[in-house]
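Engineer: Sharing query.pdb here; it has PDB, C-alpha atoms and all ligand atoms.
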```
ATOM      1  CA  MET E   1     -12.433  -5.728  46.120  1.00  0.00           C
ATOM      2  CA  ALA E   2      -9.937  -6.067  43.320  1.00  0.00           C
ATOM      3  CA  ASN E   3     -12.541  -7.726  41.148  1.00  0.00           C
ATOM      4  CA  GLN E   4     -14.983  -4.991  41.850  1.00  0.00           C
ATOM      5  CA  SER E   5     -12.637  -2.226  40.783  1.00  0.00           C
ATOM      6  CA  LEU E   6     -11.719  -4.217  37.689  1.00  0.00           C
ATOM      7  CA  LEU E   7     -15.387  -4.434  36.842  1.00  0.00           C
ATOM      8  CA  LEU E   8     -15.820  -0.715  37.423  1.00  0.00           C
ATOM      9  CA  TYR E   9     -12.803  -0.053  35.249  1.00  0.00           C
ATOM     10  CA  LEU E  10     -14.226  -2.196  32.444  1.00  0.00           C
ATOM     11  CA  ILE E  11     -17.601  -0.508  32.627  1.00  0.00           C
ATOM     12  CA  PHE E  12     -15.957   2.886  32.649  1.00  0.00           C
ATOM     13  CA  SER E  13     -13.782   2.016  29.634  1.00  0.00           C
ATOM     14  CA  LEU E  14     -16.769   0.729  27.766  1.00  0.00           C
ATOM     15  CA  LEU E  15     -18.675   3.926  28.493  1.00  0.00           C
ATOM     16  CA  LEU E  16     -15.725   5.984  27.279  1.00  0.00           C
ATOM     17  CA  LEU E  17     -15.548   3.983  24.076  1.00  0.00           C
ATOM     18  CA  LEU E  18     -19.242   4.523  23.498  1.00  0.00           C
ATOM     19  CA  LEU E  19     -19.200   8.207  24.371  1.00  0.00           C
ATOM     20  CA  LEU E  20     -15.920   9.468  22.946  1.00  0.00           C
ATOM     21  CA  PRO E  21     -16.505   9.174  19.214  1.00  0.00           C
ATOM     22  CA  SER E  22     -19.693  11.231  19.303  1.00  0.00           C
ATOM     23  CA  SER E  23     -18.320  13.862  21.660  1.00  0.00           C
ATOM     24  CA  TYR E  24     -15.208  14.187  19.459  1.00  0.00           C
ATOM     25  CA  GLN E  25     -17.269  14.899  16.381  1.00  0.00           C
ATOM     26  CA  THR E  26     -19.170  17.788  17.898  1.00  0.00           C
ATOM     27  CA  PRO E  27     -16.368  20.305  18.517  1.00  0.00           C
ATOM     28  CA  GLU E  28     -14.234  19.180  15.561  1.00  0.00           C
ATOM     29  CA  PRO E  29     -16.174  18.792  12.322  1.00  0.00           C
ATOM     30  CA  ALA E  30     -13.087  18.176  10.157  1.00  0.00           C
ATOM     31  CA  THR E  31     -12.431  14.533   9.341  1.00  0.00           C
ATOM     32  CA  PRO E  32      -9.435  13.476  11.436  1.00  0.00           C
ATOM     33  CA  ARG E  33      -8.055  11.160   8.739  1.00  0.00           C
ATOM     34  CA  LEU E  34      -7.199  13.875   6.237  1.00  0.00           C
ATOM     35  CA  SER E  35      -3.687  13.556   4.877  1.00  0.00           C
ATOM     36  CA  VAL E  36      -1.049  15.996   3.674  1.00  0.00           C
ATOM     37  CA  ALA E  37      -2.385  15.398   0.167  1.00  0.00           C
ATOM     38  CA  HIS E  38      -5.795  16.691   1.235  1.00  0.00           C
ATOM     39  CA  THR E  39      -4.261  19.791   2.802  1.00  0.00           C
ATOM     40  CA  GLU E  40      -2.290  20.369  -0.397  1.00  0.00           C
ATOM     41  CA  LEU E  41      -5.485  20.141  -2.452  1.00  0.00           C
ATOM     42  CA  THR E  42      -6.957  23.016  -0.443  1.00  0.00           C
ATOM     43  CA  ASN E  43      -3.710  24.989  -0.847  1.00  0.00           C
ATOM     44  CA  TYR E  44      -4.207  24.702  -4.602  1.00  0.00           C
ATOM     45  CA  GLY E  45      -7.837  25.830  -4.376  1.00  0.00           C
ATOM     46  CA  PHE E  46      -9.567  22.449  -4.482  1.00  0.00           C
ATOM     47  CA  PRO E  47     -11.930  20.795  -1.982  1.00  0.00           C
ATOM     48  CA  VAL E  48     -10.713  17.738  -0.028  1.00  0.00           C
ATOM     49  CA  GLY E  49     -13.558  15.583  -1.369  1.00  0.00           C
ATOM     50  CA  LEU E  50     -11.704  14.945  -4.635  1.00  0.00           C
ATOM     51  CA  LEU E  51      -9.624  12.340  -2.836  1.00  0.00           C
ATOM     52  CA  PRO E  52     -10.833   9.403  -0.786  1.00  0.00           C
ATOM     53  CA  SER E  53      -9.837   9.449   2.854  1.00  0.00           C
ATOM     54  CA  ASP E  54      -7.341   6.576   2.818  1.00  0.00           C
ATOM     55  CA  VAL E  55      -4.285   8.201   1.214  1.00  0.00           C
ATOM     56  CA  SER E  56      -1.133   6.225   2.046  1.00  0.00           C
ATOM     57  CA  ALA E  57       1.536   8.242   0.244  1.00  0.00           C
ATOM     58  CA  TYR E  58       1.871  11.567  -1.518  1.00  0.00           C
ATOM     59  CA  SER E  59       4.588  13.364  -3.371  1.00  0.00           C
ATOM     60  CA  ILE E  60       4.806  16.522  -5.434  1.00  0.00           C
ATOM     61  CA  ASN E  61       7.446  18.294  -7.422  1.00  0.00           C
ATOM     62  CA  ALA E  62       6.851  21.887  -6.313  1.00  0.00           C
ATOM     63  CA  THR E  63       8.540  23.218  -9.456  1.00  0.00           C
ATOM     64  CA  SER E  64       6.551  21.345 -12.078  1.00  0.00           C
ATOM     65  CA  GLY E  65       3.452  20.565 -10.000  1.00  0.00           C
ATOM     66  CA  GLU E  66       3.702  16.901 -10.940  1.00  0.00           C
ATOM     67  CA  PHE E  67       2.154  14.878  -8.177  1.00  0.00           C
ATOM     68  CA  SER E  68       1.498  11.304  -7.246  1.00  0.00           C
ATOM     69  CA  VAL E  69      -1.014  10.075  -4.663  1.00  0.00           C
ATOM     70  CA  ASP E  70      -1.133   6.485  -3.460  1.00  0.00           C
ATOM     71  CA  LEU E  71      -4.275   5.063  -1.896  1.00  0.00           C
ATOM     72  CA  ALA E  72      -4.363   2.025   0.343  1.00  0.00           C
ATOM     73  CA  GLY E  73      -5.786   0.252  -2.706  1.00  0.00           C
ATOM     74  CA  ALA E  74      -7.868   0.833  -5.806  1.00  0.00           C
ATOM     75  CA  CYS E  75     -11.319   1.927  -4.712  1.00  0.00           C
ATOM     76  CA  ARG E  76     -14.777   3.062  -5.698  1.00  0.00           C
ATOM     77  CA  ILE E  77     -16.773   6.050  -4.585  1.00  0.00           C
ATOM     78  CA  THR E  78     -20.231   7.316  -5.417  1.00  0.00           C
ATOM     79  CA  LEU E  79     -19.851  10.970  -6.359  1.00  0.00           C
ATOM     80  CA  PRO E  80     -22.434  13.576  -5.412  1.00  0.00           C
ATOM     81  CA  PRO E  81     -24.834  14.933  -6.549  1.00  0.00           C
ATOM     82  CA  ASP E  82     -25.740  12.627  -9.441  1.00  0.00           C
ATOM     83  CA  ASN E  83     -24.351   9.466  -7.837  1.00  0.00           C
ATOM     84  CA  TYR E  84     -21.854   8.768 -10.559  1.00  0.00           C
ATOM     85  CA  LEU E  85     -19.696   5.819  -9.675  1.00  0.00           C
ATOM     86  CA  ALA E  86     -16.016   6.786  -9.669  1.00  0.00           C
ATOM     87  CA  ALA E  87     -13.130   4.342  -9.701  1.00  0.00           C
ATOM     88  CA  TYR E  88      -9.807   5.412  -8.222  1.00  0.00           C
ATOM     89  CA  SER E  89      -6.627   3.569  -9.114  1.00  0.00           C
ATOM     90  CA  LYS E  90      -4.177   2.763  -6.353  1.00  0.00           C
ATOM     91  CA  ARG E  91      -1.931   5.478  -7.799  1.00  0.00           C
ATOM     92  CA  ILE E  92      -3.271   8.798  -9.072  1.00  0.00           C
ATOM     93  CA  LYS E  93      -0.957  11.079 -10.991  1.00  0.00           C
ATOM     94  CA  GLY E  94      -1.183  14.466 -12.627  1.00  0.00           C
ATOM     95  CA  ARG E  95       0.068  17.985 -12.681  1.00  0.00           C
ATOM     96  CA  ILE E  96      -1.415  20.579 -10.371  1.00  0.00           C
ATOM     97  CA  VAL E  97      -1.207  24.355 -10.356  1.00  0.00           C
ATOM     98  CA  ARG E  98      -3.520  26.721  -8.528  1.00  0.00           C
ATOM     99  CA  GLY E  99      -7.091  25.994  -9.670  1.00  0.00           C
ATOM    100  CA  LYS E 100      -6.076  23.459 -12.312  1.00  0.00           C
ATOM    101  CA  ILE E 101      -5.240  19.759 -12.396  1.00  0.00           C
ATOM    102  CA  ALA E 102      -4.081  18.450 -15.762  1.00  0.00           C
ATOM    103  CA  HIS E 103      -2.661  15.228 -17.203  1.00  0.00           C
ATOM    104  CA  LEU E 104      -4.742  13.431 -14.624  1.00  0.00           C
ATOM    105  CA  ASP E 105      -4.388   9.688 -14.573  1.00  0.00           C
ATOM    106  CA  GLY E 106      -6.131   7.265 -12.228  1.00  0.00           C
ATOM    107  CA  ILE E 107      -9.713   8.506 -11.809  1.00  0.00           C
ATOM    108  CA  ARG E 108     -12.528   7.143 -13.955  1.00  0.00           C
ATOM    109  CA  VAL E 109     -16.275   7.725 -13.822  1.00  0.00           C
ATOM    110  CA  ARG E 110     -19.024   5.483 -15.038  1.00  0.00           C
ATOM    111  CA  ALA E 111     -21.610   7.158 -17.273  1.00  0.00           C
ATOM    112  CA  PHE E 112     -23.625   6.099 -20.308  1.00  0.00           C
ATOM    113  CA  PHE E 113     -22.707   2.470 -19.701  1.00  0.00           C
ATOM    114  CA  SER E 114     -18.944   2.879 -19.894  1.00  0.00           C
ATOM    115  CA  TRP E 115     -15.958   4.132 -17.944  1.00  0.00           C
ATOM    116  CA  TRP E 116     -14.425   7.506 -18.764  1.00  0.00           C
ATOM    117  CA  SER E 117     -11.077   8.798 -17.567  1.00  0.00           C
ATOM    118  CA  ILE E 118     -11.204  12.194 -15.946  1.00  0.00           C
ATOM    119  CA  THR E 119      -8.295  13.942 -17.623  1.00  0.00           C
ATOM    120  CA  GLY E 120      -8.435  17.260 -15.809  1.00  0.00           C
ATOM    121  CA  ILE E 121     -10.227  19.211 -13.093  1.00  0.00           C
ATOM    122  CA  ARG E 122     -10.542  22.980 -12.916  1.00  0.00           C
ATOM    123  CA  ALA E 123     -11.773  25.195 -10.096  1.00  0.00           C
ATOM    124  CA  SER E 124     -14.038  27.862 -11.523  1.00  0.00           C
ATOM    125  CA  GLY E 125     -15.624  30.161  -8.953  1.00  0.00           C
ATOM    126  CA  ASP E 126     -17.865  28.014  -6.772  1.00  0.00           C
ATOM    127  CA  ASN E 127     -17.742  25.149  -9.245  1.00  0.00           C
ATOM    128  CA  LEU E 128     -15.496  22.320 -10.264  1.00  0.00           C
ATOM    129  CA  VAL E 129     -15.190  21.546 -13.934  1.00  0.00           C
ATOM    130  CA  PHE E 130     -14.409  17.907 -14.692  1.00  0.00           C
ATOM    131  CA  GLU E 131     -12.837  17.267 -18.054  1.00  0.00           C
ATOM    132  CA  VAL E 132     -13.175  14.009 -19.920  1.00  0.00           C
ATOM    133  CA  GLY E 133     -11.092  14.646 -22.992  1.00  0.00           C
ATOM    134  CA  SER E 134     -12.743  17.637 -24.669  1.00  0.00           C
ATOM    135  CA  VAL E 135     -16.039  17.182 -22.841  1.00  0.00           C
ATOM    136  CA  SER E 136     -16.588  18.816 -19.476  1.00  0.00           C
ATOM    137  CA  ALA E 137     -19.140  18.822 -16.704  1.00  0.00           C
ATOM    138  CA  LYS E 138     -19.561  21.419 -13.978  1.00  0.00           C
ATOM    139  CA  TYR E 139     -20.539  20.696 -10.362  1.00  0.00           C
ATOM    140  CA  PRO E 140     -20.738  22.903  -7.263  1.00  0.00           C
ATOM    141  CA  SER E 141     -17.514  22.565  -5.228  1.00  0.00           C
ATOM    142  CA  LYS E 142     -19.503  22.318  -2.009  1.00  0.00           C
ATOM    143  CA  ASN E 143     -20.517  18.793  -3.014  1.00  0.00           C
ATOM    144  CA  PHE E 144     -16.892  17.844  -2.429  1.00  0.00           C
ATOM    145  CA  ASP E 145     -16.349  19.365   0.994  1.00  0.00           C
ATOM    146  CA  GLU E 146     -15.882  16.009   2.669  1.00  0.00           C
ATOM    147  CA  SER E 147     -13.372  13.339   1.823  1.00  0.00           C
ATOM    148  CA  PRO E 148     -15.365  10.193   1.033  1.00  0.00           C
ATOM    149  CA  ALA E 149     -14.546   6.765   2.401  1.00  0.00           C
ATOM    150  CA  CYS E 150     -13.827   4.052  -0.125  1.00  0.00           C
ATOM    151  CA  GLU E 151     -16.602   1.626  -0.811  1.00  0.00           C
ATOM    152  CA  GLY E 152     -16.122  -2.126  -0.900  1.00  0.00           C
ATOM    153  CA  ARG E 153     -12.913  -2.875  -2.737  1.00  0.00           C
ATOM    154  CA  GLN E 154     -13.726  -6.301  -4.023  1.00  0.00           C
ATOM    155  CA  HIS E 155     -16.783  -5.341  -6.095  1.00  0.00           C
ATOM    156  CA  SER E 156     -16.390  -6.661  -9.583  1.00  0.00           C
ATOM    157  CA  ALA E 157     -16.734  -4.267 -12.501  1.00  0.00           C
ATOM    158  CA  SER E 158     -20.334  -3.942 -13.538  1.00  0.00           C
TER
HETATM  159  C1  LIG E 201      10.862  18.874 -10.800  1.00  0.00           C
HETATM  160  O1  LIG E 201      10.454  19.489 -11.992  1.00  0.00           O
HETATM  161  C2  LIG E 201      11.454  20.265 -12.629  1.00  0.00           C
HETATM  162  C3  LIG E 201      10.815  21.006 -13.808  1.00  0.00           C
HETATM  163  O2  LIG E 201      10.131  20.113 -14.665  1.00  0.00           O
HETATM  164  C4  LIG E 201      12.586  19.344 -13.058  1.00  0.00           C
HETATM  165  O3  LIG E 201      13.602  20.102 -13.666  1.00  0.00           O
HETATM  166  C5  LIG E 201      13.129  18.636 -11.823  1.00  0.00           C
HETATM  167  O4  LIG E 201      14.134  17.698 -12.208  1.00  0.00           O
HETATM  168  C6  LIG E 201      12.025  17.928 -11.078  1.00  0.00           C
HETATM  169  N1  LIG E 201      12.548  17.420  -9.819  1.00  0.00           N
HETATM  170  C7  LIG E 201      12.412  16.146  -9.463  1.00  0.00           C
HETATM  171  C8  LIG E 201      12.954  15.789  -8.126  1.00  0.00           C
HETATM  172  O5  LIG E 201      11.857  15.317 -10.167  1.00  0.00           O
END
```
Before we go any further, please render this structure as structure tokens.
Ligand SMILES: *[C@@H]1O[C@H](CO)[C@@H](O)[C@H](O)[C@H]1NC(C)=O
Structural biologist:
Amino acid sequence: MANQSLLLYLIFSLLLLLLLPSSYQTPEPATPRLSVAHTELTNYGFPVGLLPSDVSAYSINATSGEFSVDLAGACRITLPPDNYLAAYSKRIKGRIVRGKIAHLDGIRVRAFFSWWSITGIRASGDNLVFEVGSVSAKYPSKNFDESPACEGRQHSAS
């Protein structure tokens, strides 16, 4: 009898494990792993997708807007819509005010066979403007509505 109920319990637990994740996603579309840093991004008028999902620490000086975001480790992400490869350092720093991130340090994109540091990001209507020095590129903000997961960390630079 005891064995039987144990078996039932195990089967039931297994079913729960299989069923829960999908039933959780239906009523709650927001990613559950979003951090304070992600919420702050939206407070400043930016989409959460600018940061990977695995933020481990965050601090901001509310007076100057100087911020620092720590990730679990350096990581790579493929950015929509043109599939640029972006490399995030373990620590990302910059200065944020509403609609504008400047003095950015820690995010690089690969284009034209080399890596370029993104120095600033501006929110402009429905678009995000990425600045690489004096050059800029505009992308629809809606491409960044979801916080991406980091891709394999141990990929060598290529
Ligand atoms: C925050 O920034 C202000 C203005 O730059 C500065 O005076 C202050 O010392 C900073 N606070 C901290 C805790 O760094």
Engineer: With distances taken over only C-alpha atoms, which residue among E:Ile92, E:Ala74, E:Leu34, E:Ile101 lies nearest Gly49 in chain E?
Structural biologist: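 Looking only at the distances to Gly49 in chain E, the closest residue turns out to be E:Leu34.
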Engineer: How close does each residue of chain E get to ligand LIG 201 (chain E), giving the shortest atom pair and distance in Å to one decimal for every residue with an atom at most 6 Å away, counting all atoms listed in the file, sorted by chain and residue number, as a Markdown table?
Structural biologist:
```
| residue | atom | partner | partner_atom | distance |
| --- | --- | --- | --- | --- |
| E:Asn61 | CA | E:LIG201 | C1 | 4.8 |
| E:Thr63 | CA | E:LIG201 | O1 | 4.9 |
| E:Ser64 | CA | E:LIG201 | O1 | 4.3 |
```
Engineer: Using 10 Å as the limit and counting all atoms listed in the file, can you tabulate each residue of range 28-94 of chain E that touches range 116-139 of chain E, with its shortest atom-to-atom distance in Å and the two atoms involved, as JSON lines?
Structural biologist:
```
{"residue": "E:Tyr44", "atom": "CA", "partner": "E:Ala123", "partner_atom": "CA", "distance": 9.4}
{"residue": "E:Gly45", "atom": "CA", "partner": "E:Ala123", "partner_atom": "CA", "distance": 7.0}
{"residue": "E:Phe46", "atom": "CA", "partner": "E:Ala123", "partner_atom": "CA", "distance": 6.6}
{"residue": "E:Pro47", "atom": "CA", "partner": "E:Leu128", "partner_atom": "CA", "distance": 9.1}
{"residue": "E:Leu50", "atom": "CA", "partner": "E:Ile121", "partner_atom": "CA", "distance": 9.6}
{"residue": "E:Pro80", "atom": "CA", "partner": "E:Tyr139", "partner_atom": "CA", "distance": 8.9}
{"residue": "E:Pro81", "atom": "CA", "partner": "E:Tyr139", "partner_atom": "CA", "distance": 8.1}
{"residue": "E:Asp82", "atom": "CA", "partner": "E:Tyr139", "partner_atom": "CA", "distance": 9.6}
{"residue": "E:Ala86", "atom": "CA", "partner": "E:Trp116", "partner_atom": "CA", "distance": 9.3}
{"residue": "E:Ala87", "atom": "CA", "partner": "E:Ser117", "partner_atom": "CA", "distance": 9.3}
{"residue": "E:Gly94", "atom": "CA", "partner": "E:Gly120", "partner_atom": "CA", "distance": 8.4}
```
Engineer: Can you measure CA of Asp145 in chain E to CA of Leu41 in chain E for me? One decimal in Å is fine.
Structural biologist: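 Result for CA of Asp145 in chain E versus CA of Leu41 in chain E: 11.4 Å, one decimal.
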Engineer: Care to translate the PyMOL selection byres (((chain E and resi 36) around 10) and not hetatm) into actual residues of this file, as number ranges by chain?
Structural biologist: E: 33-35, 37-41, 55-59
Engineer: Have a look at CA of Ser53 in chain E and CA of His103 in chain E and let me know their distance in Å, one decimal.
Structural biologist: 22.1 Å
Engineer: What does the PyMOL selection byres (((chain E and resi 149) around 6) and not hetatm) select in this file, as a short mmCIF file (atom, residue, chain, number, x, y, z; two decimals) with C-alpha atoms, in the coordinates of the input?
Structural biologist:
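Listed below is the output, selection-v5.cif:
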```cif
data_model
loop_
_atom_site.label_atom_id
_atom_site.label_comp_id
_atom_site.auth_asym_id
_atom_site.auth_seq_id
_atom_site.Cartn_x
_atom_site.Cartn_y
_atom_site.Cartn_z
CA PRO E 52 -10.83 9.40 -0.79
CA SER E 53 -9.84 9.45 2.85
CA PRO E 148 -15.36 10.19 1.03
CA CYS E 150 -13.83 4.05 -0.12
#
```
Engineer: So, counting only C-alpha atoms, which residue among E:Thr42, E:Tyr88, E:Leu51, E:Gly65 is closest to Ala102 in chain E?
Structural biologist: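 Between E:Thr42, E:Tyr88, E:Leu51, E:Gly65, the residue approaching Ala102 in chain E most closely is E:Gly65.
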Engineer: Using all atoms listed in the file, pick whichever of E:Thr78, E:Val48, E:Pro140, E:Gly73 has the shortest atom-to-atom distance to Gly106 in chain E.
Structural biologist: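 For Gly106 in chain E, the nearest of the given residues is E:Gly73.
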Engineer: Edge lengths and centre in Å to one decimal, as lines of an AutoDock Vina configuration file, of the axis-aligned box that encloses all listed atoms of range 101-109 of chain E with 8 Å added on every side?
Structural biologist:
```
center_x = -9.5
center_y = 13.5
center_z = -14.5
size_x = 29.6
size_y = 28.6
size_z = 21.4
```
Engineer: Between E:Leu104, E:Val97, E:Leu79, E:Ala62, which one has atoms that come closest to Glu151 in chain E, using only C-alpha atoms?
Structural biologist: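 Closest candidate: E:Leu79.
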